[in-house]
$ cat structure-v5.pdb   # PDB, C-alpha atoms, pLDDT in the B column
ATOM      1  CA  MET A   1     100.962  94.241  86.789  1.00 44.00           C
ATOM      2  CA  VAL A   2     104.570  93.524  85.917  1.00 45.00           C
ATOM      3  CA  SER A   3     106.299  94.152  82.640  1.00 45.00           C
ATOM      4  CA  SER A   4     109.629  92.860  81.444  1.00 44.00           C
ATOM      5  CA  VAL A   5     111.674  94.703  78.876  1.00 44.00           C
ATOM      6  CA  SER A   6     114.811  93.333  77.268  1.00 47.00           C
ATOM      7  CA  LEU A   7     116.378  92.989  73.851  1.00 45.00           C
ATOM      8  CA  ASN A   8     114.910  89.500  73.511  1.00 50.00           C
ATOM      9  CA  SER A   9     111.822  89.373  75.689  1.00 54.00           C
ATOM     10  CA  ASN A  10     110.318  85.936  76.181  1.00 66.00           C
ATOM     11  CA  SER A  11     107.570  84.342  78.195  1.00 68.00           C
ATOM     12  CA  GLN A  12     109.996  82.054  80.076  1.00 77.00           C
ATOM     13  CA  VAL A  13     111.196  85.028  82.128  1.00 81.00           C
ATOM     14  CA  ILE A  14     107.634  85.901  83.133  1.00 83.00           C
ATOM     15  CA  HIS A  15     106.794  82.221  83.705  1.00 82.00           C
ATOM     16  CA  GLY A  16     109.719  82.043  86.134  1.00 87.00           C
ATOM     17  CA  LEU A  17     108.490  85.188  87.875  1.00 89.00           C
ATOM     18  CA  VAL A  18     105.035  83.623  88.310  1.00 90.00           C
ATOM     19  CA  GLN A  19     106.629  80.510  89.800  1.00 91.00           C
ATOM     20  CA  ARG A  20     108.710  82.592  92.219  1.00 93.00           C
ATOM     21  CA  ILE A  21     105.729  84.678  93.338  1.00 93.00           C
ATOM     22  CA  MET A  22     103.743  81.515  94.030  1.00 93.00           C
ATOM     23  CA  GLU A  23     106.683  79.975  95.889  1.00 94.00           C
ATOM     24  CA  VAL A  24     106.977  83.038  98.143  1.00 94.00           C
ATOM     25  CA  LEU A  25     103.203  82.946  98.763  1.00 92.00           C
ATOM     26  CA  GLY A  26     103.416  79.241  99.612  1.00 93.00           C
ATOM     27  CA  VAL A  27     101.029  78.246  96.811  1.00 93.00           C
ATOM     28  CA  PRO A  28     101.984  74.851  95.346  1.00 94.00           C
ATOM     29  CA  CYS A  29     102.139  74.168  91.621  1.00 92.00           C
ATOM     30  CA  ASP A  30      99.280  71.667  91.767  1.00 92.00           C
ATOM     31  CA  PRO A  31      96.018  72.051  89.829  1.00 90.00           C
ATOM     32  CA  ASP A  32      94.004  70.527  92.690  1.00 90.00           C
ATOM     33  CA  SER A  33      95.383  72.367  95.719  1.00 89.00           C
ATOM     34  CA  GLY A  34      97.344  75.283  94.288  1.00 91.00           C
ATOM     35  CA  TYR A  35      97.778  76.830  90.875  1.00 93.00           C
ATOM     36  CA  CYS A  36      98.572  75.758  87.347  1.00 93.00           C
ATOM     37  CA  ILE A  37      99.479  77.500  84.120  1.00 91.00           C
ATOM     38  CA  LYS A  38      97.552  76.702  80.969  1.00 90.00           C
ATOM     39  CA  ALA A  39      98.463  77.719  77.444  1.00 86.00           C
ATOM     40  CA  SER A  40      95.948  79.997  75.808  1.00 77.00           C
ATOM     41  CA  ASN A  41      95.731  80.208  72.032  1.00 65.00           C
ATOM     42  CA  GLU A  42      92.522  82.175  71.722  1.00 65.00           C
ATOM     43  CA  ALA A  43      92.500  84.097  68.440  1.00 62.00           C
ATOM     44  CA  ALA A  44      90.482  86.952  69.952  1.00 64.00           C
ATOM     45  CA  GLU A  45      93.352  87.889  72.280  1.00 68.00           C
ATOM     46  CA  THR A  46      95.428  90.008  69.946  1.00 80.00           C
ATOM     47  CA  GLU A  47      97.453  91.798  72.617  1.00 88.00           C
ATOM     48  CA  PHE A  48      99.899  88.865  72.774  1.00 87.00           C
ATOM     49  CA  LEU A  49     101.866  87.006  70.134  1.00 86.00           C
ATOM     50  CA  PRO A  50      99.978  83.863  69.087  1.00 84.00           C
ATOM     51  CA  GLY A  51     101.023  80.905  71.214  1.00 81.00           C
ATOM     52  CA  SER A  52     102.796  83.009  73.850  1.00 84.00           C
ATOM     53  CA  LYS A  53      99.953  83.599  76.326  1.00 87.00           C
ATOM     54  CA  GLY A  54      99.646  81.619  79.530  1.00 88.00           C
ATOM     55  CA  SER A  55      96.726  81.749  81.957  1.00 91.00           C
ATOM     56  CA  ILE A  56      97.275  81.372  85.711  1.00 94.00           C
ATOM     57  CA  ILE A  57      94.549  79.127  87.149  1.00 94.00           C
ATOM     58  CA  HIS A  58      93.755  78.904  90.876  1.00 93.00           C
ATOM     59  CA  GLY A  59      90.677  77.233  92.338  1.00 89.00           C
ATOM     60  CA  GLY A  60      89.363  76.571  88.842  1.00 91.00           C
ATOM     61  CA  GLU A  61      89.376  80.270  87.927  1.00 92.00           C
ATOM     62  CA  CYS A  62      91.739  82.372  85.863  1.00 93.00           C
ATOM     63  CA  VAL A  63      93.510  84.743  88.275  1.00 94.00           C
ATOM     64  CA  GLY A  64      96.090  86.104  85.875  1.00 93.00           C
ATOM     65  CA  SER A  65      97.802  85.915  82.529  1.00 90.00           C
ATOM     66  CA  PHE A  66     101.142  86.556  80.899  1.00 89.00           C
ATOM     67  CA  GLY A  67     102.731  86.555  77.463  1.00 88.00           C
ATOM     68  CA  ILE A  68     104.815  88.344  74.863  1.00 88.00           C
ATOM     69  CA  VAL A  69     103.222  91.598  73.758  1.00 91.00           C
ATOM     70  CA  HIS A  70     102.251  91.629  70.063  1.00 92.00           C
ATOM     71  CA  PRO A  71     104.352  93.980  67.861  1.00 93.00           C
ATOM     72  CA  GLU A  72     101.238  95.856  66.692  1.00 94.00           C
ATOM     73  CA  VAL A  73     100.432  96.732  70.309  1.00 94.00           C
ATOM     74  CA  LEU A  74     104.004  97.886  70.843  1.00 94.00           C
ATOM     75  CA  ASN A  75     103.825 100.022  67.702  1.00 95.00           C
ATOM     76  CA  ASN A  76     100.539 101.587  68.853  1.00 95.00           C
ATOM     77  CA  PHE A  77     102.317 102.814  71.982  1.00 94.00           C
ATOM     78  CA  LYS A  78     105.520 103.674  70.103  1.00 95.00           C
ATOM     79  CA  ILE A  79     107.540 101.099  72.027  1.00 93.00           C
ATOM     80  CA  ASN A  80     110.569 100.098  69.973  1.00 92.00           C
ATOM     81  CA  PHE A  81     111.645  96.980  71.839  1.00 88.00           C
ATOM     82  CA  PRO A  82     110.081  93.608  72.651  1.00 88.00           C
ATOM     83  CA  CYS A  83     108.461  93.123  76.032  1.00 87.00           C
ATOM     84  CA  SER A  84     106.473  90.629  78.046  1.00 87.00           C
ATOM     85  CA  TYR A  85     103.536  91.378  80.311  1.00 88.00           C
ATOM     86  CA  MET A  86     102.061  89.674  83.363  1.00 90.00           C
ATOM     87  CA  GLU A  87      99.119  90.445  85.599  1.00 93.00           C
ATOM     88  CA  ILE A  88      97.879  88.452  88.571  1.00 94.00           C
ATOM     89  CA  ASP A  89      95.188  88.985  91.193  1.00 94.00           C
ATOM     90  CA  LEU A  90      97.091  88.427  94.424  1.00 91.00           C
ATOM     91  CA  GLN A  91      94.074  89.124  96.659  1.00 91.00           C
ATOM     92  CA  CYS A  92      92.611  85.675  95.977  1.00 89.00           C
ATOM     93  CA  PHE A  93      95.562  84.122  97.817  1.00 86.00           C
ATOM     94  CA  PHE A  94      94.905  86.099 101.018  1.00 85.00           C
ATOM     95  CA  LYS A  95      91.266  85.143 101.623  1.00 74.00           C
TER      96      LYS A  95
END

$ encode --input "structure-v5.pdb" --output "structure tokens"
Amino acid sequence: MVSSVSLNSNSQVIHGLVQRIMEVLGVPCDPDSGYCIKASNEAAETEFLPGSKGSIIHGGECVGSFGIVHPEVLNNFKINFPCSYMEIDLQCFFK
């Protein structure tokens, strides 16, 4: 899990972090032989702002996600600044 906190948190920062992690691991940005990022607009996922969630897909399976944390979630934890969140299962790349 990685979180990013700034005065203007955005998913581009986390997207860039995902790309860098994959580059270091040697995993190409290719849906057939590496990974891809797909937008996720599922209404049931209320932890992120609508339209800000991305899913990290590897081998046809979702191995992670990232997005901008919804203000209601931040308020529930008494966090007074915007933040982004990313999680990724790195073990699948070491099999």

$ residues_around --input "structure-v5.pdb" --residues "Leu90 of chain A" --least-positions-apart "3" --cutoff "12 Å" --atoms "only C-alpha atoms" --output "list in words"
Met1, Val18, Ile21, Met22, Val24, Leu25, Val27, Ile56, His58, Cys62, Val63, Gly64, Glu87, Phe93, Phe94 and Lys95 of chain A

$ closest_residue --input "structure-v5.pdb" --among "A:Gly67, A:Pro82, A:Ile14, A:Gly59" --to "Gly34 of chain A" --atoms "only C-alpha atoms"
A:Gly59

$ atom_distance --input "structure-v5.pdb" --atom1 "atom CA of Ser40 of chain A" --atom2 "atom CA of Gly54 of chain A"
5.5 Å

$ resolve_selection --input "structure-v5.pdb" --expression "the PyMOL selection byres ((chain A and resi 51) around 7)" --output "VMD selection string"
chain A and resid 40 to 41 49 to 50 52 to 53

$ closest_residue --input "structure-v5.pdb" --among "A:Ile57, A:Glu47, A:His70, A:Lys78" --to "Asp30 of chain A" --atoms "only C-alpha atoms"
A:Ile57

$ atom_distance --input "structure-v5.pdb" --atom1 "atom CA of Cys36 of chain A" --atom2 "atom CA of Ser65 of chain A"
11.3 Å

$ atom_distance --input "structure-v5.pdb" --atom1 "atom CA of Ala39 of chain A" --atom2 "atom CA of Ile79 of chain A"
25.7 Å

$ closest_residue --input "structure-v5.pdb" --among "A:Phe81, A:Cys29, A:Cys92, A:Ile68" --to "Gln12 of chain A" --atoms "all atoms listed in the file"
A:Ile68
